[in-house]
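Trainee: Just one file: input.cif, with mmCIF, C-alpha atoms.
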data_data
loop_
_atom_site.label_atom_id
_atom_site.label_comp_id
_atom_site.auth_asym_id
_atom_site.auth_seq_id
_atom_site.Cartn_x
_atom_site.Cartn_y
_atom_site.Cartn_z
CA MET A 257 111.39 151.99 95.02
CA THR A 258 109.84 150.46 98.13
CA GLY A 259 111.12 147.25 99.63
CA GLU A 260 107.90 145.39 98.78
CA LYS A 261 108.11 146.34 95.10
CA PHE A 262 111.77 145.35 94.91
CA LEU A 263 110.99 141.96 96.49
CA ALA A 264 108.14 141.37 94.05
CA ILE A 265 110.41 142.13 91.09
CA CYS A 266 113.02 139.70 92.40
CA VAL A 267 110.45 136.91 92.79
CA VAL A 268 109.13 137.43 89.25
CA ALA A 269 112.67 137.42 87.88
CA MET A 270 113.53 134.18 89.67
CA VAL A 271 110.40 132.42 88.40
CA THR A 272 111.14 133.63 84.87
CA ILE A 273 114.67 132.27 85.04
CA VAL A 274 113.50 128.89 86.31
CA HIS A 275 110.88 128.57 83.57
CA SER A 276 113.37 129.66 80.93
CA PHE A 277 115.84 127.04 82.07
CA SER A 278 113.27 124.24 82.10
CA PHE A 279 112.16 125.12 78.56
CA THR A 280 115.53 125.59 76.92
CA ASN A 281 117.99 123.27 78.61
CA PRO A 282 118.06 119.50 78.15
CA ALA A 283 118.33 117.48 81.34
CA LEU A 284 121.70 116.17 82.37
CA HIS A 285 121.45 113.02 84.41
CA SER A 286 123.43 109.94 85.36
CA TYR A 287 123.17 106.61 83.61
CA ARG A 288 124.66 103.21 84.07
CA SER A 289 127.64 102.53 81.83
CA ASN A 290 128.83 99.09 80.70
CA ASN A 291 131.22 98.78 83.63
CA GLY A 292 128.44 99.43 86.15
CA SER A 293 129.48 102.96 87.05
CA PHE A 294 127.25 105.99 86.73
CA GLU A 295 128.09 108.70 84.21
CA SER A 296 126.28 111.75 82.82
CA ARG A 297 124.30 112.13 79.65
CA VAL A 298 121.68 114.41 78.16
CA SER A 299 118.12 113.18 78.35
CA SER A 300 116.20 112.89 75.10
CA SER A 301 112.88 112.93 76.91
CA SER A 302 110.57 115.84 76.28
CA ALA A 303 108.95 115.40 79.69
CA LEU A 304 111.27 117.98 81.23
CA GLY A 305 109.43 120.60 79.25
CA MET A 306 106.70 120.41 81.87
CA ALA A 307 106.93 123.27 84.34
CA THR A 308 107.86 122.24 87.84
CA TRP A 309 105.46 124.92 89.14
CA SER A 310 102.40 123.30 87.59
CA ASN A 311 101.31 121.73 90.88
CA GLY A 312 100.98 123.84 94.04
CA GLN A 313 100.46 120.80 96.25
CA ALA A 314 103.96 120.79 97.75
CA ILE A 315 103.70 124.48 98.67
CA LYS A 316 100.27 123.96 100.23
CA GLU A 317 101.50 121.02 102.32
CA TYR A 318 104.48 123.01 103.53
CA GLN A 319 102.22 125.92 104.50
CA ASP A 320 99.94 123.53 106.40
CA PHE A 321 102.95 122.15 108.25
CA LEU A 322 104.19 125.63 109.21
CA SER A 323 100.73 126.56 110.46
CA THR A 324 100.91 123.83 113.12
CA GLY A 325 103.76 125.68 114.85
CA ARG A 326 105.44 122.36 115.71
CA SER A 327 108.91 121.16 114.75
CA GLU A 328 107.85 117.52 114.90
CA LEU A 329 104.76 115.38 115.25
CA GLU A 330 103.65 113.76 118.48
CA LYS A 331 104.76 110.13 118.58
CA GLU A 332 102.97 107.15 120.10
CA ASP A 333 104.52 103.95 121.43
CA ASP A 334 103.87 100.44 120.10
CA GLY A 335 101.54 98.05 121.88
CA PRO A 336 98.58 95.74 121.24
CA SER A 337 97.08 96.63 117.88
CA VAL A 338 94.20 95.83 115.55
CA ILE A 339 94.99 94.34 112.14
CA VAL A 340 92.20 94.70 109.58
CA GLN A 341 92.05 92.13 106.80
CA SER A 342 89.72 91.59 103.85
CA SER A 343 86.38 89.89 104.45
CA ASN A 344 87.07 87.86 101.31
CA PRO A 345 89.34 84.92 102.26
CA ASN A 346 90.75 84.91 98.71
CA ASN A 347 91.95 88.50 99.08
CA VAL A 348 93.80 88.22 102.38
CA PRO A 349 97.41 89.14 101.49
CA SER A 350 100.45 87.75 103.25
CA LEU A 351 100.89 91.26 104.65
CA THR A 352 98.39 90.32 107.38
CA ASP A 353 100.55 87.42 108.57
CA ALA A 354 103.64 89.62 108.32
CA ILE A 355 102.21 92.25 110.67
CA VAL A 356 101.02 89.56 113.09
CA GLY A 357 104.48 87.96 112.96
CA LEU A 358 106.11 91.25 113.85
CA GLY A 359 103.95 91.71 116.94
CA LYS A 360 104.23 90.22 120.41
CA GLY A 361 101.19 87.98 120.23
CA ASP A 362 98.73 90.49 121.70
CA ASP A 363 97.30 91.86 118.43
CA ILE A 364 93.80 91.03 117.21
CA VAL A 365 92.73 90.49 113.59
CA LEU A 366 89.36 91.89 112.52
CA ASN A 367 87.23 92.13 109.39
CA PRO A 368 85.75 95.50 108.33
CA SER A 369 82.32 94.33 109.50
CA ASP A 370 83.52 93.70 113.07
CA SER A 371 83.32 96.20 115.90
CA LEU A 372 86.45 97.86 117.22
CA PRO A 373 87.29 97.24 120.89
CA ALA A 374 86.79 100.24 123.18
CA THR A 375 90.23 99.59 124.69
CA LEU A 376 93.14 97.37 123.81
CA GLY A 377 95.65 96.61 126.53
CA ASP A 378 95.41 99.63 128.77
CA ARG A 379 94.81 102.15 125.97
CA SER A 380 91.71 103.60 124.40
CA SER A 381 93.80 104.73 121.42
CA TYR A 382 95.78 102.05 119.58
CA PRO A 383 97.23 101.40 116.11
CA ILE A 384 94.84 100.00 113.49
CA TYR A 385 96.82 98.39 110.68
CA ILE A 386 94.85 98.39 107.42
CA ALA A 387 95.99 95.23 105.62
CA ILE A 388 93.30 95.55 102.95
CA PRO A 389 94.53 95.00 99.35
CA PRO A 390 94.62 98.22 97.29
CA TYR A 391 91.79 97.16 94.99
CA GLU A 392 89.42 96.88 98.00
CA LEU A 393 90.56 100.02 99.77
CA THR A 394 88.10 102.44 98.15
CA ASP A 395 85.07 100.35 99.15
CA PHE A 396 86.52 99.84 102.63
CA ILE A 397 86.87 103.57 103.31
CA ARG A 398 83.59 104.53 101.63
CA ASN A 399 81.61 102.02 103.71
CA LEU A 400 83.11 102.85 107.11
CA ASN A 401 80.47 103.22 109.80
CA ASP A 402 80.55 106.02 112.36
CA GLU A 403 82.46 103.92 114.88
CA TRP A 404 85.27 103.24 112.43
CA LYS A 405 85.27 106.80 111.08
CA SER A 406 85.83 108.15 114.59
CA ARG A 407 89.04 106.09 114.75
CA ALA A 408 90.41 107.12 111.33
CA GLU A 409 93.32 109.01 112.92
CA ASP A 410 94.61 105.66 114.20
CA PHE A 411 94.60 103.97 110.78
CA ILE A 412 97.93 102.80 109.36
CA PHE A 413 98.14 102.37 105.58
CA PHE A 414 100.79 100.53 103.57
CA SER A 415 102.47 101.30 100.24
CA GLY A 416 105.24 99.76 98.18
CA GLY A 417 105.98 96.38 96.69
CA LYS A 418 103.82 93.97 94.72
CA LEU A 419 101.20 93.64 97.46
CA CYS A 420 100.64 97.27 98.44
CA GLY A 421 101.45 99.40 95.39
CA VAL A 422 100.47 103.09 95.45
CA VAL A 423 97.31 104.00 97.37
CA GLU A 424 97.83 107.77 97.41
CA PRO A 425 95.02 108.49 94.88
CA VAL A 426 92.57 106.51 97.02
CA LEU A 427 93.58 108.18 100.28
CA ARG A 428 93.56 111.61 98.69
CA GLU A 429 90.00 111.08 97.50
CA PHE A 430 88.94 110.73 101.13
CA GLY A 431 91.21 113.44 102.55
CA MET A 432 93.56 110.97 104.24
CA CYS A 433 96.88 112.21 102.83
CA ARG A 434 98.22 114.47 105.56
CA ASP A 435 100.99 114.74 108.13
CA SER A 436 99.03 113.10 110.95
CA MET A 437 97.94 110.03 108.96
CA THR A 438 100.26 107.07 109.56
CA GLN A 439 101.64 105.46 106.42
CA VAL A 440 104.28 102.80 106.01
CA LEU A 441 106.58 102.17 103.07
CA VAL A 442 107.17 98.42 103.02
CA GLY A 443 110.85 97.48 102.97
CA PHE A 444 110.49 93.99 104.43
CA SER A 445 109.52 90.59 103.08
CA THR A 446 105.99 89.24 103.36
CA PRO A 447 106.44 85.44 103.38
CA ALA A 448 103.54 83.33 102.20
CA PRO A 449 101.78 81.23 104.87
CA GLY A 450 103.29 77.80 105.49
CA THR A 451 106.74 78.65 104.16
CA GLY A 452 108.49 78.35 107.54
CA LEU A 453 109.67 75.37 109.55
CA GLY A 454 106.95 72.87 110.40
CA GLY A 455 104.41 74.60 108.19
CA THR A 456 104.57 77.87 110.10
CA THR A 457 104.86 81.27 108.47
CA LYS A 458 108.34 82.72 108.30
CA LYS A 459 108.96 86.02 110.00
CA PRO A 460 109.42 89.03 107.72
CA GLU A 461 113.02 89.93 106.95
CA ASP A 462 114.66 93.27 106.25
CA LEU A 463 115.08 94.01 102.53
CA SER A 464 117.06 97.23 102.86
CA CYS A 465 120.61 97.24 101.56
CA MET A 466 123.68 99.28 102.44
CA ILE A 467 125.14 100.64 99.21
CA GLY A 468 128.22 102.49 100.44
CA ASN A 469 129.18 105.65 102.27
CA ASP A 470 128.59 109.26 101.39
CA SER A 471 131.19 112.05 101.33
CA GLN A 472 130.75 112.50 105.09
CA GLY A 473 131.39 108.85 105.80
CA GLU A 474 127.74 108.14 106.63
CA GLU A 475 126.20 104.88 105.45
CA LYS A 476 123.91 105.07 102.43
CA TRP A 477 120.88 102.79 102.40
CA ALA A 478 118.37 101.81 99.75
CA GLY A 479 114.99 100.12 100.04
CA GLU A 480 114.53 100.69 103.77
CA SER A 481 111.11 100.84 105.39
CA GLN A 482 109.84 104.29 106.28
CA SER A 483 106.93 105.50 108.37
CA CYS A 484 105.23 108.84 108.94
CA GLY A 485 102.30 110.15 110.96
CA LYS A 486 100.87 109.64 114.43
CA TRP A 487 101.98 106.04 114.94
CA ASN A 488 105.32 106.25 113.14
CA ALA A 489 107.29 105.52 116.31
CA ALA A 490 105.09 102.49 117.04
CA VAL A 491 105.68 101.13 113.55
CA SER A 492 109.42 101.80 113.78
CA SER A 493 109.62 100.09 117.17
CA ARG A 494 107.76 97.04 115.90
CA LEU A 495 110.10 96.70 112.94
CA ASP A 496 113.30 97.51 114.85
CA ASP A 497 112.50 94.81 117.41
CA ASN A 498 112.57 92.33 114.52
CA GLY A 499 115.81 93.52 112.97
CA ILE A 500 114.14 95.58 110.23
CA ARG A 501 115.40 99.09 109.54
CA CYS A 502 112.68 101.72 109.62
CA LYS A 503 113.19 105.44 109.13
CA THR A 504 110.66 107.81 110.77
CA VAL A 505 110.05 110.91 108.67
CA PHE A 506 107.52 113.64 107.94
CA TYR A 507 104.87 113.00 105.32
CA ARG A 508 106.56 115.06 102.59
CA GLU A 509 109.78 113.05 102.83
CA TRP A 510 107.85 109.79 103.10
CA ARG A 511 105.88 110.65 99.97
CA ARG A 512 109.05 111.24 97.99
CA ALA A 513 110.43 107.84 99.07
CA MET A 514 107.11 106.16 98.29
CA TRP A 515 107.11 107.43 94.71
CA GLU A 516 110.73 106.38 94.31
CA ARG A 517 109.71 102.86 95.30
CA ALA A 518 106.74 103.10 92.91
CA VAL A 519 109.15 103.81 90.06
CA PHE A 520 111.11 100.67 90.99
CA ASP A 521 108.01 98.47 91.23
CA CYS A 522 106.71 99.69 87.89
CA VAL A 523 109.89 99.78 85.81
CA PHE A 524 111.51 96.49 86.79
CA ASN A 525 108.29 94.51 86.49
CA VAL A 526 107.29 96.07 83.17
CA VAL A 527 110.72 95.77 81.53
CA GLY A 528 111.17 92.19 82.74
CA SER A 529 107.67 90.88 82.03
CA VAL A 530 107.87 91.33 78.24
CA ARG A 531 110.70 88.79 77.87
CA GLU A 532 110.19 85.31 76.46
CA GLU A 533 111.83 83.66 79.46
CA LYS A 534 110.94 84.27 83.08
CA THR A 535 112.98 87.22 84.26
CA ASP A 536 113.72 88.45 87.77
CA HIS A 537 114.61 91.92 88.96
CA ALA A 538 118.33 91.11 89.08
CA ASP A 539 118.22 90.03 85.42
CA VAL A 540 116.65 93.36 84.45
CA ALA A 541 119.41 95.25 86.26
CA MET A 542 122.10 93.20 84.54
CA PHE A 543 120.82 92.72 80.99
CA TYR A 544 118.17 95.41 80.37
CA ASP A 545 119.66 98.29 82.35
CA LEU A 546 119.48 100.89 79.57
CA GLU A 547 115.78 100.25 78.98
CA ALA A 548 115.11 100.39 82.71
CA SER A 549 117.14 103.58 83.08
CA ASP A 550 115.29 105.37 80.27
CA MET A 551 111.90 104.42 81.70
CA MET A 552 112.96 105.50 85.20
CA TRP A 553 113.84 108.96 83.96
CA GLU A 554 110.65 109.26 81.96
CA LEU A 555 108.57 108.54 85.06
CA ALA A 556 110.73 110.69 87.33
CA ASN A 557 110.41 113.67 84.99
CA ASN A 558 106.64 113.30 84.80
CA LEU A 559 106.38 113.03 88.58
CA ARG A 560 108.19 116.33 88.92
CA GLY A 561 105.92 118.12 86.48
CA GLY A 562 102.65 116.36 87.31
CA LEU A 563 102.72 115.79 91.07
CA ALA A 564 105.42 118.21 92.24
CA VAL A 565 107.52 115.25 93.42
CA THR A 566 111.24 115.47 92.74
CA LEU A 567 113.13 112.28 93.49
CA ILE A 568 116.29 112.64 95.55
CA TYR A 569 119.60 112.72 93.65
CA GLY A 570 121.03 109.22 93.17
CA PHE A 571 117.66 107.47 92.93
CA GLU A 572 118.80 105.50 89.87
CA ASP A 573 121.78 104.08 91.76
CA ARG A 574 119.56 103.14 94.71
CA LEU A 575 116.95 101.39 92.57
CA PHE A 576 119.52 99.40 90.61
CA SER A 577 121.20 98.42 93.89
CA ILE A 578 117.90 97.07 95.25
CA ALA A 579 117.44 94.98 92.10
CA GLU A 580 120.99 93.66 92.17
CA MET A 581 121.13 92.89 95.88
CA ARG A 582 117.53 91.81 96.58
CA GLY A 583 116.10 91.00 93.17
CA LYS A 584 117.32 87.44 92.63
CA ASP A 585 114.31 85.12 92.19
CA GLU A 586 111.91 88.11 92.42
CA ILE A 587 110.10 87.21 89.23
CA CYS A 588 108.78 90.14 87.19
CA GLU A 589 104.96 90.15 87.15
CA LEU A 590 102.09 92.29 85.87
CA PRO A 591 98.97 91.09 87.74
CA ASP A 592 95.73 92.60 86.47
CA ASN A 593 94.39 93.51 89.91
CA MET A 594 97.43 95.70 90.68
CA PHE A 595 97.56 97.53 87.34
CA ASP A 596 95.84 100.67 88.64
CA TYR A 597 98.10 100.74 91.70
CA SER A 598 101.48 99.99 90.14
CA GLN A 599 101.60 100.91 86.45
CA ASN A 600 98.59 103.11 85.65
CA ILE A 601 99.40 105.73 88.29
CA PHE A 602 101.99 108.04 86.76
CA PRO A 603 101.10 111.48 85.42
CA GLY A 604 101.99 112.74 81.96
CA LYS A 605 102.23 111.02 78.59
CA CYS A 606 104.69 108.28 79.71
CA ARG A 607 105.10 107.21 76.10
CA MET A 608 107.77 104.55 76.74
CA LEU A 609 105.82 102.99 79.61
CA LYS A 610 102.64 102.78 77.54
CA GLU A 611 104.51 101.25 74.60
CA TYR A 612 105.74 98.45 76.87
CA LEU A 613 102.33 97.96 78.47
CA ASN A 614 100.59 97.69 75.09
CA TYR A 615 103.24 95.26 73.91
CA ALA A 616 102.72 93.20 77.07
CA LYS A 617 98.99 93.02 76.35
CA ASP A 618 99.07 92.55 72.56
CA LYS A 619 102.13 90.32 72.18
CA CYS A 620 102.71 88.65 75.55
CA GLY A 621 99.13 87.88 76.61
CA LEU A 622 99.42 89.90 79.82
CA LEU A 623 97.01 92.47 81.31
CA GLN A 624 94.08 90.95 79.46
CA GLY A 625 91.58 92.06 82.08
CA VAL A 626 92.43 95.77 82.11
CA ASN A 627 92.17 98.71 79.72
CA VAL A 628 95.72 99.70 78.88
CA PRO A 629 95.95 103.37 77.79
CA ALA A 630 96.85 103.84 74.13
CA VAL A 631 100.33 104.98 73.20
CA PRO A 632 100.20 108.77 72.69
CA SER A 633 100.90 109.83 69.12
CA GLN A 634 103.87 111.97 68.24
CA LEU A 635 101.45 114.83 67.53
CA ASP A 636 100.34 114.74 71.17
CA GLU A 637 103.92 115.34 72.28
CA LEU A 638 104.78 118.37 70.19
CA PRO A 639 106.40 121.06 72.32
CA SER A 640 104.42 124.14 73.21
CA LYS A 641 104.54 127.30 71.12
CA VAL A 642 106.70 128.89 73.76
CA ARG A 643 109.38 126.38 72.82
CA GLN A 644 108.85 126.62 69.05
CA GLY A 645 109.52 130.30 68.54
CA ASN A 646 109.10 133.87 69.69
CA LEU A 647 105.70 135.52 69.99
CA ARG A 648 105.63 138.75 68.00
CA ALA A 649 103.75 141.82 69.10
CA ASP A 650 101.08 141.17 66.44
CA GLY A 651 100.45 137.68 67.79
CA VAL A 652 102.16 135.82 64.93
CA ILE A 653 104.57 133.03 65.79
#
Would you mind writing the structure in this file as structure tokens?
Mentor:
Amino acid sequence: MTGEKFLAICVVAMVTIVHSFSFTNPALHSYRSNNGSFESRVSSSSALGMATWSNGQAIKEYQDFLSTGRSELEKEDDGPSVIVQSSNPNNVPSLTDAIVGLGKGDDIVLNPSDSLPATLGDRSSYPIYIAIPPYELTDFIRNLNDEWKSRAEDFIFFSGGKLCGVVEPVLREFGMCRDSMTQVLVGFSTPAPGTGLGGTTKKPEDLSCMIGNDSQGEEKWAGESQSCGKWNAAVSSRLDDNGIRCKTVFYREWRRAMWERAVFDCVFNVVGSVREEKTDHADVAMFYDLEASDMMWELANNLRGGLAVTLIYGFEDRLFSIAEMRGKDEICELPDNMFDYSQNIFPGKCRMLKEYLNYAKDKCGLLQGVNVPAVPSQLDELPSKVRQGNLRADGVI
């Protein structure tokens, strides 16, 4: 037997074993017990039946990265930057003021209809922060003129939190999800205008939290800002200068952290918004932790099967820690204009999530301006024939 044939047999055997395990073994994962500690239990979700090999995106991205022949991306320093805000005054988020507040007073704020400066400071290439709300982002990118298109590599997009949500589907539509594109996961506050002393706007504050030490004695953090792409060092420098932690990573790692934050933003707001009394994120962590935990695992399992995104071990602990340490007075909300960027973004059936969303619309008067997907019937969730029995040689199950 030649070496190539032997290698091929080994690969097929490994894939077969992985598929067999995913079809026949229930998932064992941690959950939050009554005393606040994390224990193990078997998941009742059928989402794990989805094959983790169903999406080749992660493999393709890794191959693209290897083809560059580089061990890391080129990094650019911070400096005077352009901040792009919505042309509609009613849709200018507090993110714009936050980015301005983090700068050194030499940034300029433009509308999409304005012309970009040929140089800024002493540089012809400079960061362009896109502070456009998610629901305007598609039109913004689609209507870019040639001048703006030529500067697309300098764009910086934001994700995470109530203001930014998940913009990956929009960026992917226009081919802007790649290693070189700068993206920021927001882990800092975005104070509303006029909330500071003398009617000024408060500076953004770090929202990351230290949740202990790992087995090597290293600090473990949750909710920290992260940046990737061409201008990741510039973003990190801008945040570090203001006392905000920011981790610089490659796109693949950033994407994993972004989806982890998306699970937090979705679960805690959905679980808390269906209560009769106003509920904040800390309340959800304290009183509705089992519901939140079940929904987290449902979404995490569907992310693995649908988008080839596997959340890092301990994500449940990190998300609950964010809610407990930073969630006081963060009222749970389900705004209509963020529905397609915060709740209606997860792959798979997501039965539990859709049950809550339909309850929020039908019983709580929320989400009245959006089309909430129907709850999938039990018939839609029957396991595949591979899981029901053995296929005989004559084709009969």
Trainee: When you count all atoms listed in the file, which of these residues is closest to Phe396 in chain A: A:Asn614, A:Thr438, A:Ser342, A:Ser415?
Mentor: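 Checking each candidate against Phe396 in chain A, we get A:Ser342 as the closest.
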Trainee: If you measure from CA of Leu441 in chain A to CA of Val505 in chain A, what distance in Å do you get, rounded to one decimal?
Mentor: 10.9 Å
Trainee: Work out how far apart CA of Tyr612 in chain A and CA of Met581 in chain A are and give it in Å to one decimal.
Mentor: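 Taking CA of Tyr612 in chain A and CA of Met581 in chain A, their separation equals 25.1 Å.
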Trainee: Could you tell me which of A:Ile388, A:Ala489, A:Ala564, A:Cys465 comes closest to Asn346 in chain A if we count only C-alpha atoms?
Mentor: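 Nearest candidate to Asn346 in chain A out of A:Ile388, A:Ala489, A:Ala564, A:Cys465: A:Ile388.
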Trainee: Could you check the closest approach to Tyr382 in chain A for each of A:Leu427, A:Ile500, A:Ala408, A:Val519 and tell me which residue wins, using all atoms listed in the file?
Mentor: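 Ranked by minimum distance to Tyr382 in chain A, first place goes to A:Ala408.
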Trainee: Using CA of Arg582 in chain A and CA of Ser598 in chain A as the two end points, give the distance in Å to one decimal.
Mentor: 19.1 Å
Trainee: Skip Arg501 in chain A itself and residues of its chain fewer than 2 positions away, then list as a PDB file with C-alpha atoms, keeping the file's coordinate frame all residues within 8 Å of it, counting only C-alpha atoms.
Mentor:
ATOM      1  CA  ASP A 462     114.660  93.270 106.250  1.00  0.00           C
ATOM      2  CA  SER A 464     117.060  97.230 102.860  1.00  0.00           C
ATOM      3  CA  GLU A 480     114.530 100.690 103.770  1.00  0.00           C
ATOM      4  CA  SER A 481     111.110 100.840 105.390  1.00  0.00           C
ATOM      5  CA  SER A 492     109.420 101.800 113.780  1.00  0.00           C
ATOM      6  CA  LEU A 495     110.100  96.700 112.940  1.00  0.00           C
ATOM      7  CA  ASP A 496     113.300  97.510 114.850  1.00  0.00           C
ATOM      8  CA  GLY A 499     115.810  93.520 112.970  1.00  0.00           C
ATOM      9  CA  LYS A 503     113.190 105.440 109.130  1.00  0.00           C
TER      10      LYS A 503
END
Trainee: For Tyr615 in chain A, which of A:Thr566, A:Ser529, A:Ser493, A:Gln599 is the closest residue, counting all atoms listed in the file?
Mentor: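 Of A:Thr566, A:Ser529, A:Ser493, A:Gln599, the one nearest Tyr615 in chain A is A:Ser529, counting all atoms listed in the file.
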Trainee: Would you list the contacts of Glu611 in chain A as a list in words, taking every protein, DNA or RNA residue within 10 Å and counting all atoms listed in the file, but skipping same-chain residues closer than 4 positions in sequence?
Mentor: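 The residues satisfying every condition are Cys606, Arg607, Tyr615, Ala616, Val628, Pro629, Ala630, Val631 and Pro632 of chain A.
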Trainee: Quick one: apply the PyMOL selection byres ((chain A and resi 372-374) around 9) to the file and drop the selected residues here as a list of chain:residue names.
Mentor: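 With the PyMOL selection byres ((chain A and resi 372-374) around 9) on this model, the match is A:Val338, A:Leu366, A:Asp370, A:Ser371, A:Thr375, A:Leu376, A:Arg379, A:Ser380, A:Ser381, A:Glu403, A:Trp404, A:Arg407.
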Trainee: Go ahead and write the selection's residues with C-alpha atoms as an mmCIF file, in the coordinates of the input.
Mentor:
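Final output, saved to selection-v2.cif:
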data_model
loop_
_atom_site.group_PDB
_atom_site.id
_atom_site.type_symbol
_atom_site.label_atom_id
_atom_site.label_comp_id
_atom_site.auth_asym_id
_atom_site.auth_seq_id
_atom_site.Cartn_x
_atom_site.Cartn_y
_atom_site.Cartn_z
ATOM 1 C CA VAL A 338 94.200 95.830 115.550
ATOM 2 C CA LEU A 366 89.360 91.890 112.520
ATOM 3 C CA ASP A 370 83.520 93.700 113.070
ATOM 4 C CA SER A 371 83.320 96.200 115.900
ATOM 5 C CA THR A 375 90.230 99.590 124.690
ATOM 6 C CA LEU A 376 93.140 97.370 123.810
ATOM 7 C CA ARG A 379 94.810 102.150 125.970
ATOM 8 C CA SER A 380 91.710 103.600 124.400
ATOM 9 C CA SER A 381 93.800 104.730 121.420
ATOM 10 C CA GLU A 403 82.460 103.920 114.880
ATOM 11 C CA TRP A 404 85.270 103.240 112.430
ATOM 12 C CA ARG A 407 89.040 106.090 114.750
#
Trainee: Mind checking which residues fall within 10 Å of Ala538 in chain A, counting only C-alpha atoms, ignoring those fewer than 6 positions away in the same chain, and posting them as a list in words?
Mentor: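 Listed by chain and then number, they are Phe524, Gly528, Tyr544, Asp545, Phe576, Ser577, Ile578, Ala579, Glu580, Met581, Arg582, Gly583, Lys584, Asp585, Glu586, Ile587 and Cys588 of chain A.
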Trainee: I'd like to know which of A:Asn593, A:Asn498, A:Thr504, A:Asn399 is closest to Ala354 in chain A, using all atoms listed in the file.
Mentor: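 With all atoms listed in the file as the atom set, the closest residue is A:Asn498.
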Trainee: Name the residues that the PyMOL selection byres ((chain A and resi 350) around 6) picks from the file above, as a list in words, using the file's chain letters and numbers.
Mentor: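 Taken on the displayed file, the PyMOL selection byres ((chain A and resi 350) around 6) yields the residues Pro349, Leu351, Thr352, Asp353, Thr446 and Ala448 of chain A.
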Trainee: Please evaluate the PyMOL selection byres ((chain A and resi 410) around 12) against the structure above and give the resulting residues as a PyMOL selection string.
Mentor: chain A and resi 331-332+337-339+372+380-386+404-409+411-413+432+436-439+485-488+490-491
Trainee: Export, as a CSV table (one decimal), in the coordinates of the input, the selected residues with C-alpha atoms.
Mentor:
chain,number,residue,atom,x,y,z
A,331,LYS,CA,104.8,110.1,118.6
A,332,GLU,CA,103.0,107.2,120.1
A,337,SER,CA,97.1,96.6,117.9
A,338,VAL,CA,94.2,95.8,115.6
A,339,ILE,CA,95.0,94.3,112.1
A,372,LEU,CA,86.4,97.9,117.2
A,380,SER,CA,91.7,103.6,124.4
A,381,SER,CA,93.8,104.7,121.4
A,382,TYR,CA,95.8,102.0,119.6
A,383,PRO,CA,97.2,101.4,116.1
A,384,ILE,CA,94.8,100.0,113.5
A,385,TYR,CA,96.8,98.4,110.7
A,386,ILE,CA,94.8,98.4,107.4
A,404,TRP,CA,85.3,103.2,112.4
A,405,LYS,CA,85.3,106.8,111.1
A,406,SER,CA,85.8,108.2,114.6
A,407,ARG,CA,89.0,106.1,114.8
A,408,ALA,CA,90.4,107.1,111.3
A,409,GLU,CA,93.3,109.0,112.9
A,411,PHE,CA,94.6,104.0,110.8
A,412,ILE,CA,97.9,102.8,109.4
A,413,PHE,CA,98.1,102.4,105.6
A,432,MET,CA,93.6,111.0,104.2
A,436,SER,CA,99.0,113.1,111.0
A,437,MET,CA,97.9,110.0,109.0
A,438,THR,CA,100.3,107.1,109.6
A,439,GLN,CA,101.6,105.5,106.4
A,485,GLY,CA,102.3,110.2,111.0
A,486,LYS,CA,100.9,109.6,114.4
A,487,TRP,CA,102.0,106.0,114.9
A,488,ASN,CA,105.3,106.2,113.1
A,490,ALA,CA,105.1,102.5,117.0
A,491,VAL,CA,105.7,101.1,113.6
Trainee: Step by step: start from the point (96.8, 105.9, 98.6) in the file's coordinates, keep every protein, DNA or RNA residue that has an atom no farther than 10 Å from it, count only C-alpha atoms, and write the set as a ChimeraX atom specification.
Mentor: /A:390,393-394,413-415,420-430,432-433,439,597
Trainee: Return range 554-560 of chain A, completed with N, CA, C and O atoms, as a compact mmCIF listing (two decimals), keeping the file's coordinate frame.
Mentor:
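Written output follows (part_33.txt):
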# COMPACT_ATOMS: atom_id res chain seq x y z
N GLU A 554 111.92 108.78 82.49
CA GLU A 554 110.65 109.26 81.96
C GLU A 554 109.64 109.44 83.08
O GLU A 554 108.96 110.48 83.17
N LEU A 555 109.53 108.45 83.96
CA LEU A 555 108.57 108.54 85.06
C LEU A 555 108.97 109.61 86.06
O LEU A 555 108.12 110.34 86.57
N ALA A 556 110.26 109.69 86.37
CA ALA A 556 110.73 110.69 87.33
C ALA A 556 110.44 112.10 86.83
O ALA A 556 110.03 112.98 87.60
N ASN A 557 110.67 112.34 85.54
CA ASN A 557 110.41 113.67 84.99
C ASN A 557 108.93 114.02 85.03
O ASN A 557 108.54 115.17 85.29
N ASN A 558 108.08 113.04 84.75
CA ASN A 558 106.64 113.30 84.80
C ASN A 558 106.13 113.48 86.22
O ASN A 558 105.18 114.23 86.45
N LEU A 559 106.75 112.81 87.18
CA LEU A 559 106.38 113.03 88.58
C LEU A 559 106.69 114.45 89.00
O LEU A 559 105.91 115.10 89.71
N ARG A 560 107.81 114.97 88.55
CA ARG A 560 108.19 116.33 88.92
C ARG A 560 107.21 117.34 88.35
O ARG A 560 106.80 118.28 89.03
